[in-house]
Amino acid sequence: MYTYKMSQFLTKMLKNLNTPDRIQDYLDQLPFNFEKNGETYFSPLKVLENKRAHCFEGACFAVAAMQANNKKAFLLDLKVKDLNKDSDHVLAVYKQAGCWGAISKTNHAALRWRDPIYLSIRELATSYFHEYFLSVSGEKTLHSYSQPFDILKKFGKVWMNSEEDLDDIALALDKSKHFNFYPEKLKKYIRKVSKIERRAGGIEEWKLGRK
């Protein structure tokens, strides 16, 4: 179990990030966490201490920042068909004037922020479908998306400044209810991405050796 004692340092940082735009701006300037020393699931406090994050860590950080400013946000899991070929992606999703938007930490050009213009979670999740592909083959790899995962309802606030990795939250999200993007009968109609899109999709913001 996590021990909850919110630090003044974390509280001040989160309260300063009082809009989705500011949260996204903060995550954008953080170097990407390539997990050089092994798999991590940093808490928001550990993100601040280590000054880096990957998608899950960025999404949890965004949920914490929204909560610190009395706003609601959820985790959203995008699953791929084969983890041997590609990686899942995690977003923080929120509602603005009845529509869904997303905050995203990524190292790629397309899997980023989404303006709050989507009428449903499926509509928002589907906006990532075309851009999620293998750069060599052009195969589109997304398989399913989760329902909005209420991390605060399930785990309270104790995880926000944990010194431990958030493995149990990652596992709970992975095991939560997911919905397929399309039925199997439509698989044959899914077209591979064109060469020019593959080249564009290969752009990365942070290089592995870059600090």
# chains A, B, ... in the order shown; residues from 1 in each chain; ligands from 1
>>> closest_atom_pairs(of="range 34-145 of chain A", to="range 7-15 of chain A", cutoff="7 Å", atoms="only C-alpha atoms", output="Markdown table")
| residue | atom | partner | partner_atom | distance |
| --- | --- | --- | --- | --- |
| A:Leu45 | CA | A:Leu10 | CA | 6.2 |
| A:Ala65 | CA | A:Leu14 | CA | 4.6 |
| A:Ala68 | CA | A:Lys15 | CA | 5.7 |
| A:Asn69 | CA | A:Lys15 | CA | 5.9 |
>>> residues_around(residues="range 76-88 of chain A", least_positions_apart="2", cutoff="9 Å", atoms="only C-alpha atoms", output="list of chain:residue names")
A:Phe56, A:Ala59, A:Phe74, A:Val90, A:Leu91, A:Ala92, A:Val93, A:Ala102, A:Ile121, A:Ala125, A:Tyr128, A:Tyr132, A:Phe133, A:Leu134, A:Lys140, A:Thr141, A:Leu142, A:His143, A:Ser144, A:Tyr145, A:Ser146, A:Gln147, A:Pro148, A:Phe149, A:Leu173, A:Asp174, A:His178
>>> atom_distance(atom1="CA of Lys105 in chain A", atom2="CA of Lys175 in chain A")
21.5 Å
>>> residues_around(residues="Ser127 in chain A", least_positions_apart="2", cutoff="12 Å", atoms="only C-alpha atoms", output="number ranges by chain")
A: 78, 100-102, 110-115, 117-125, 129-132, 142, 145, 181
>>> closest_residue(among="A:Lys207, A:Lys157, A:Arg191, A:Lys177", to="Ser43 in chain A", atoms="only C-alpha atoms")
A:Lys157
>>> atom_distance(atom1="CA of Leu30 in chain A", atom2="CA of Lys51 in chain A")
6.2 Å
>>> atom_distance(atom1="CA of Leu166 in chain A", atom2="CA of Gln24 in chain A")
21.0 Å
>>> select_by_dssp(residues="chain A", states="strand (DSSP E or B)", output="MDAnalysis selection string")
chainID A and resid 32 53 74:80 89:96 99:103 108 114:118 133 140 142:146 149 178:180 204
>>> residues_around(residues="Phe32 in chain A", least_positions_apart="2", cutoff="9 Å", atoms="only C-alpha atoms", output="list in words")
Asp28, Leu30, Phe34, Glu35, Lys51, Arg52, Ala53, His54, Cys55, Lys105, Thr106, Asn107, Glu205, Trp206, Lys207 and Leu208 of chain A
>>> residues_around(residues="Cys60 in chain A", least_positions_apart="2", cutoff="8 Å", atoms="only C-alpha atoms", output="number ranges by chain")
A: 43-44, 56-58, 62-64, 75, 92
>>> residues_around(residues="Lys46 in chain A", least_positions_apart="6", cutoff="9 Å", atoms="only C-alpha atoms", output="list in words")
Arg52, Met160, Asn161, Ser162, Glu163, Glu164 and Asp165 of chain A
>>> write_last_selection(atoms="N, CA and C atoms", output="mmCIF file, in the first residue's frame")
data_model
loop_
_atom_site.group_PDB
_atom_site.id
_atom_site.type_symbol
_atom_site.label_atom_id
_atom_site.label_comp_id
_atom_site.auth_asym_id
_atom_site.auth_seq_id
_atom_site.Cartn_x
_atom_site.Cartn_y
_atom_site.Cartn_z
ATOM 1 N N ARG A 52 11.531 13.324 -16.242
ATOM 2 C CA ARG A 52 11.238 12.605 -17.483
ATOM 3 C C ARG A 52 9.974 11.774 -17.274
ATOM 4 N N MET A 160 -0.061 9.577 -5.739
ATOM 5 C CA MET A 160 0.475 10.776 -6.380
ATOM 6 C C MET A 160 1.915 11.078 -5.984
ATOM 7 N N ASN A 161 2.249 10.866 -4.722
ATOM 8 C CA ASN A 161 3.630 11.133 -4.315
ATOM 9 C C ASN A 161 4.288 9.892 -3.727
ATOM 10 N N SER A 162 3.960 8.747 -4.331
ATOM 11 C CA SER A 162 4.565 7.493 -3.906
ATOM 12 C C SER A 162 6.016 7.397 -4.380
ATOM 13 N N GLU A 163 6.861 6.832 -3.536
ATOM 14 C CA GLU A 163 8.231 6.530 -3.930
ATOM 15 C C GLU A 163 8.291 5.218 -4.708
ATOM 16 N N GLU A 164 7.212 4.448 -4.630
ATOM 17 C CA GLU A 164 7.135 3.177 -5.345
ATOM 18 C C GLU A 164 6.562 3.384 -6.746
ATOM 19 N N ASP A 165 6.886 2.456 -7.638
ATOM 20 C CA ASP A 165 6.289 2.486 -8.967
ATOM 21 C C ASP A 165 4.804 2.121 -8.883
#
>>> select_by_dssp(residues="chain A", states="alpha helix (DSSP H)", output="ChimeraX atom specification")
/A:8-16,20-29,44-50,55-68,121-126,151-155,167-175,195-201
>>> decode(residues="range 8-57 of chain A", atoms="N, CA and C atoms", output="PDB file, in the first residue's frame")
ATOM      1  N   GLN A   8       4.733  19.588  -0.191  1.00  0.00           N
ATOM      2  CA  GLN A   8       4.457  20.958  -0.615  1.00  0.00           C
ATOM      3  C   GLN A   8       4.986  21.201  -2.021  1.00  0.00           C
ATOM      4  N   PHE A   9       6.111  20.577  -2.327  1.00  0.00           N
ATOM      5  CA  PHE A   9       6.722  20.707  -3.654  1.00  0.00           C
ATOM      6  C   PHE A   9       5.771  20.213  -4.733  1.00  0.00           C
ATOM      7  N   LEU A  10       5.217  19.026  -4.534  1.00  0.00           N
ATOM      8  CA  LEU A  10       4.303  18.464  -5.523  1.00  0.00           C
ATOM      9  C   LEU A  10       3.018  19.275  -5.594  1.00  0.00           C
ATOM     10  N   THR A  11       2.478  19.641  -4.447  1.00  0.00           N
ATOM     11  CA  THR A  11       1.232  20.412  -4.412  1.00  0.00           C
ATOM     12  C   THR A  11       1.361  21.719  -5.186  1.00  0.00           C
ATOM     13  N   LYS A  12       2.457  22.455  -4.945  1.00  0.00           N
ATOM     14  CA  LYS A  12       2.668  23.739  -5.615  1.00  0.00           C
ATOM     15  C   LYS A  12       2.784  23.559  -7.123  1.00  0.00           C
ATOM     16  N   MET A  13       3.543  22.557  -7.547  1.00  0.00           N
ATOM     17  CA  MET A  13       3.722  22.309  -8.982  1.00  0.00           C
ATOM     18  C   MET A  13       2.394  21.975  -9.651  1.00  0.00           C
ATOM     19  N   LEU A  14       1.624  21.089  -9.038  1.00  0.00           N
ATOM     20  CA  LEU A  14       0.363  20.659  -9.649  1.00  0.00           C
ATOM     21  C   LEU A  14      -0.643  21.800  -9.718  1.00  0.00           C
ATOM     22  N   LYS A  15      -0.708  22.618  -8.680  1.00  0.00           N
ATOM     23  CA  LYS A  15      -1.666  23.729  -8.668  1.00  0.00           C
ATOM     24  C   LYS A  15      -1.319  24.796  -9.708  1.00  0.00           C
ATOM     25  N   ASN A  16      -0.039  24.925 -10.014  1.00  0.00           N
ATOM     26  CA  ASN A  16       0.366  25.876 -11.047  1.00  0.00           C
ATOM     27  C   ASN A  16      -0.059  25.430 -12.443  1.00  0.00           C
ATOM     28  N   LEU A  17      -0.226  24.128 -12.602  1.00  0.00           N
ATOM     29  CA  LEU A  17      -0.651  23.578 -13.895  1.00  0.00           C
ATOM     30  C   LEU A  17      -2.171  23.462 -13.873  1.00  0.00           C
ATOM     31  N   ASN A  18      -2.842  24.607 -13.957  1.00  0.00           N
ATOM     32  CA  ASN A  18      -4.269  24.651 -13.658  1.00  0.00           C
ATOM     33  C   ASN A  18      -5.194  24.590 -14.868  1.00  0.00           C
ATOM     34  N   THR A  19      -4.652  24.293 -16.037  1.00  0.00           N
ATOM     35  CA  THR A  19      -5.482  24.059 -17.225  1.00  0.00           C
ATOM     36  C   THR A  19      -4.896  22.880 -18.002  1.00  0.00           C
ATOM     37  N   PRO A  20      -5.713  22.188 -18.790  1.00  0.00           N
ATOM     38  CA  PRO A  20      -5.174  21.114 -19.625  1.00  0.00           C
ATOM     39  C   PRO A  20      -4.026  21.582 -20.522  1.00  0.00           C
ATOM     40  N   ASP A  21      -4.134  22.798 -21.054  1.00  0.00           N
ATOM     41  CA  ASP A  21      -3.078  23.339 -21.921  1.00  0.00           C
ATOM     42  C   ASP A  21      -1.744  23.457 -21.177  1.00  0.00           C
ATOM     43  N   ARG A  22      -1.792  23.953 -19.951  1.00  0.00           N
ATOM     44  CA  ARG A  22      -0.569  24.105 -19.172  1.00  0.00           C
ATOM     45  C   ARG A  22       0.036  22.751 -18.812  1.00  0.00           C
ATOM     46  N   ILE A  23      -0.823  21.799 -18.514  1.00  0.00           N
ATOM     47  CA  ILE A  23      -0.335  20.448 -18.223  1.00  0.00           C
ATOM     48  C   ILE A  23       0.364  19.878 -19.447  1.00  0.00           C
ATOM     49  N   GLN A  24      -0.263  20.048 -20.622  1.00  0.00           N
ATOM     50  CA  GLN A  24       0.337  19.536 -21.849  1.00  0.00           C
ATOM     51  C   GLN A  24       1.656  20.231 -22.148  1.00  0.00           C
ATOM     52  N   ASP A  25       1.714  21.531 -21.955  1.00  0.00           N
ATOM     53  CA  ASP A  25       2.956  22.278 -22.184  1.00  0.00           C
ATOM     54  C   ASP A  25       4.069  21.757 -21.279  1.00  0.00           C
ATOM     55  N   TYR A  26       3.735  21.468 -20.028  1.00  0.00           N
ATOM     56  CA  TYR A  26       4.747  20.954 -19.098  1.00  0.00           C
ATOM     57  C   TYR A  26       5.241  19.584 -19.556  1.00  0.00           C
ATOM     58  N   LEU A  27       4.329  18.698 -19.916  1.00  0.00           N
ATOM     59  CA  LEU A  27       4.734  17.360 -20.351  1.00  0.00           C
ATOM     60  C   LEU A  27       5.544  17.408 -21.641  1.00  0.00           C
ATOM     61  N   ASP A  28       5.206  18.338 -22.527  1.00  0.00           N
ATOM     62  CA  ASP A  28       5.932  18.447 -23.801  1.00  0.00           C
ATOM     63  C   ASP A  28       7.406  18.785 -23.596  1.00  0.00           C
ATOM     64  N   GLN A  29       7.705  19.579 -22.567  1.00  0.00           N
ATOM     65  CA  GLN A  29       9.101  19.982 -22.377  1.00  0.00           C
ATOM     66  C   GLN A  29       9.904  18.955 -21.567  1.00  0.00           C
ATOM     67  N   LEU A  30       9.232  17.958 -21.005  1.00  0.00           N
ATOM     68  CA  LEU A  30       9.942  16.904 -20.282  1.00  0.00           C
ATOM     69  C   LEU A  30      10.581  15.924 -21.267  1.00  0.00           C
ATOM     70  N   PRO A  31      11.834  15.543 -21.068  1.00  0.00           N
ATOM     71  CA  PRO A  31      12.419  14.485 -21.895  1.00  0.00           C
ATOM     72  C   PRO A  31      11.622  13.188 -21.764  1.00  0.00           C
ATOM     73  N   PHE A  32      11.640  12.387 -22.805  1.00  0.00           N
ATOM     74  CA  PHE A  32      10.922  11.113 -22.788  1.00  0.00           C
ATOM     75  C   PHE A  32      11.680  10.097 -21.945  1.00  0.00           C
ATOM     76  N   ASN A  33      10.953   9.322 -21.168  1.00  0.00           N
ATOM     77  CA  ASN A  33      11.552   8.282 -20.335  1.00  0.00           C
ATOM     78  C   ASN A  33      11.736   7.007 -21.162  1.00  0.00           C
ATOM     79  N   PHE A  34      12.970   6.727 -21.553  1.00  0.00           N
ATOM     80  CA  PHE A  34      13.260   5.522 -22.341  1.00  0.00           C
ATOM     81  C   PHE A  34      13.499   4.293 -21.456  1.00  0.00           C
ATOM     82  N   GLU A  35      13.344   4.435 -20.157  1.00  0.00           N
ATOM     83  CA  GLU A  35      13.488   3.317 -19.216  1.00  0.00           C
ATOM     84  C   GLU A  35      14.827   2.593 -19.410  1.00  0.00           C
ATOM     85  N   LYS A  36      15.905   3.373 -19.431  1.00  0.00           N
ATOM     86  CA  LYS A  36      17.234   2.811 -19.690  1.00  0.00           C
ATOM     87  C   LYS A  36      17.663   1.781 -18.649  1.00  0.00           C
ATOM     88  N   ASN A  37      17.166   1.945 -17.423  1.00  0.00           N
ATOM     89  CA  ASN A  37      17.557   1.031 -16.347  1.00  0.00           C
ATOM     90  C   ASN A  37      16.465   0.027 -16.003  1.00  0.00           C
ATOM     91  N   GLY A  38      15.518  -0.159 -16.900  1.00  0.00           N
ATOM     92  CA  GLY A  38      14.430  -1.102 -16.672  1.00  0.00           C
ATOM     93  C   GLY A  38      13.083  -0.413 -16.617  1.00  0.00           C
ATOM     94  N   GLU A  39      12.022  -1.201 -16.704  1.00  0.00           N
ATOM     95  CA  GLU A  39      10.654  -0.698 -16.764  1.00  0.00           C
ATOM     96  C   GLU A  39      10.311   0.143 -15.534  1.00  0.00           C
ATOM     97  N   THR A  40       9.641   1.269 -15.753  1.00  0.00           N
ATOM     98  CA  THR A  40       9.216   2.133 -14.668  1.00  0.00           C
ATOM     99  C   THR A  40       7.752   2.522 -14.831  1.00  0.00           C
ATOM    100  N   TYR A  41       7.120   2.831 -13.693  1.00  0.00           N
ATOM    101  CA  TYR A  41       5.783   3.420 -13.670  1.00  0.00           C
ATOM    102  C   TYR A  41       5.813   4.532 -12.621  1.00  0.00           C
ATOM    103  N   PHE A  42       6.527   5.621 -12.925  1.00  0.00           N
ATOM    104  CA  PHE A  42       6.741   6.699 -11.978  1.00  0.00           C
ATOM    105  C   PHE A  42       5.427   7.329 -11.506  1.00  0.00           C
ATOM    106  N   SER A  43       5.375   7.656 -10.226  1.00  0.00           N
ATOM    107  CA  SER A  43       4.299   8.488  -9.688  1.00  0.00           C
ATOM    108  C   SER A  43       4.537   9.928 -10.139  1.00  0.00           C
ATOM    109  N   PRO A  44       3.538  10.822 -10.000  1.00  0.00           N
ATOM    110  CA  PRO A  44       3.765  12.234 -10.329  1.00  0.00           C
ATOM    111  C   PRO A  44       4.969  12.828  -9.598  1.00  0.00           C
ATOM    112  N   LEU A  45       5.155  12.482  -8.327  1.00  0.00           N
ATOM    113  CA  LEU A  45       6.313  12.991  -7.588  1.00  0.00           C
ATOM    114  C   LEU A  45       7.611  12.512  -8.217  1.00  0.00           C
ATOM    115  N   LYS A  46       7.673  11.250  -8.607  1.00  0.00           N
ATOM    116  CA  LYS A  46       8.887  10.706  -9.216  1.00  0.00           C
ATOM    117  C   LYS A  46       9.129  11.296 -10.599  1.00  0.00           C
ATOM    118  N   VAL A  47       8.067  11.663 -11.295  1.00  0.00           N
ATOM    119  CA  VAL A  47       8.222  12.363 -12.574  1.00  0.00           C
ATOM    120  C   VAL A  47       8.929  13.692 -12.353  1.00  0.00           C
ATOM    121  N   LEU A  48       8.500  14.427 -11.326  1.00  0.00           N
ATOM    122  CA  LEU A  48       9.144  15.708 -11.013  1.00  0.00           C
ATOM    123  C   LEU A  48      10.597  15.511 -10.606  1.00  0.00           C
ATOM    124  N   GLU A  49      10.863  14.490  -9.808  1.00  0.00           N
ATOM    125  CA  GLU A  49      12.220  14.246  -9.323  1.00  0.00           C
ATOM    126  C   GLU A  49      13.152  13.792 -10.441  1.00  0.00           C
ATOM    127  N   ASN A  50      12.659  12.935 -11.330  1.00  0.00           N
ATOM    128  CA  ASN A  50      13.491  12.371 -12.399  1.00  0.00           C
ATOM    129  C   ASN A  50      13.488  13.207 -13.667  1.00  0.00           C
ATOM    130  N   LYS A  51      12.539  14.152 -13.747  1.00  0.00           N
ATOM    131  CA  LYS A  51      12.452  15.077 -14.884  1.00  0.00           C
ATOM    132  C   LYS A  51      12.349  14.350 -16.222  1.00  0.00           C
ATOM    133  N   ARG A  52      11.531  13.324 -16.242  1.00  0.00           N
ATOM    134  CA  ARG A  52      11.238  12.605 -17.483  1.00  0.00           C
ATOM    135  C   ARG A  52       9.974  11.774 -17.274  1.00  0.00           C
ATOM    136  N   ALA A  53       9.363  11.357 -18.390  1.00  0.00           N
ATOM    137  CA  ALA A  53       8.131  10.569 -18.302  1.00  0.00           C
ATOM    138  C   ALA A  53       7.868   9.868 -19.620  1.00  0.00           C
ATOM    139  N   HIS A  54       7.202   8.716 -19.540  1.00  0.00           N
ATOM    140  CA  HIS A  54       6.639   8.101 -20.745  1.00  0.00           C
ATOM    141  C   HIS A  54       5.118   8.249 -20.674  1.00  0.00           C
ATOM    142  N   CYS A  55       4.389   7.614 -21.572  1.00  0.00           N
ATOM    143  CA  CYS A  55       2.964   7.921 -21.727  1.00  0.00           C
ATOM    144  C   CYS A  55       2.150   7.648 -20.466  1.00  0.00           C
ATOM    145  N   PHE A  56       2.338   6.480 -19.845  1.00  0.00           N
ATOM    146  CA  PHE A  56       1.585   6.155 -18.631  1.00  0.00           C
ATOM    147  C   PHE A  56       1.899   7.154 -17.526  1.00  0.00           C
ATOM    148  N   GLU A  57       3.178   7.445 -17.344  1.00  0.00           N
ATOM    149  CA  GLU A  57       3.599   8.374 -16.299  1.00  0.00           C
ATOM    150  C   GLU A  57       3.060   9.783 -16.553  1.00  0.00           C
TER     151      GLU A  57
END
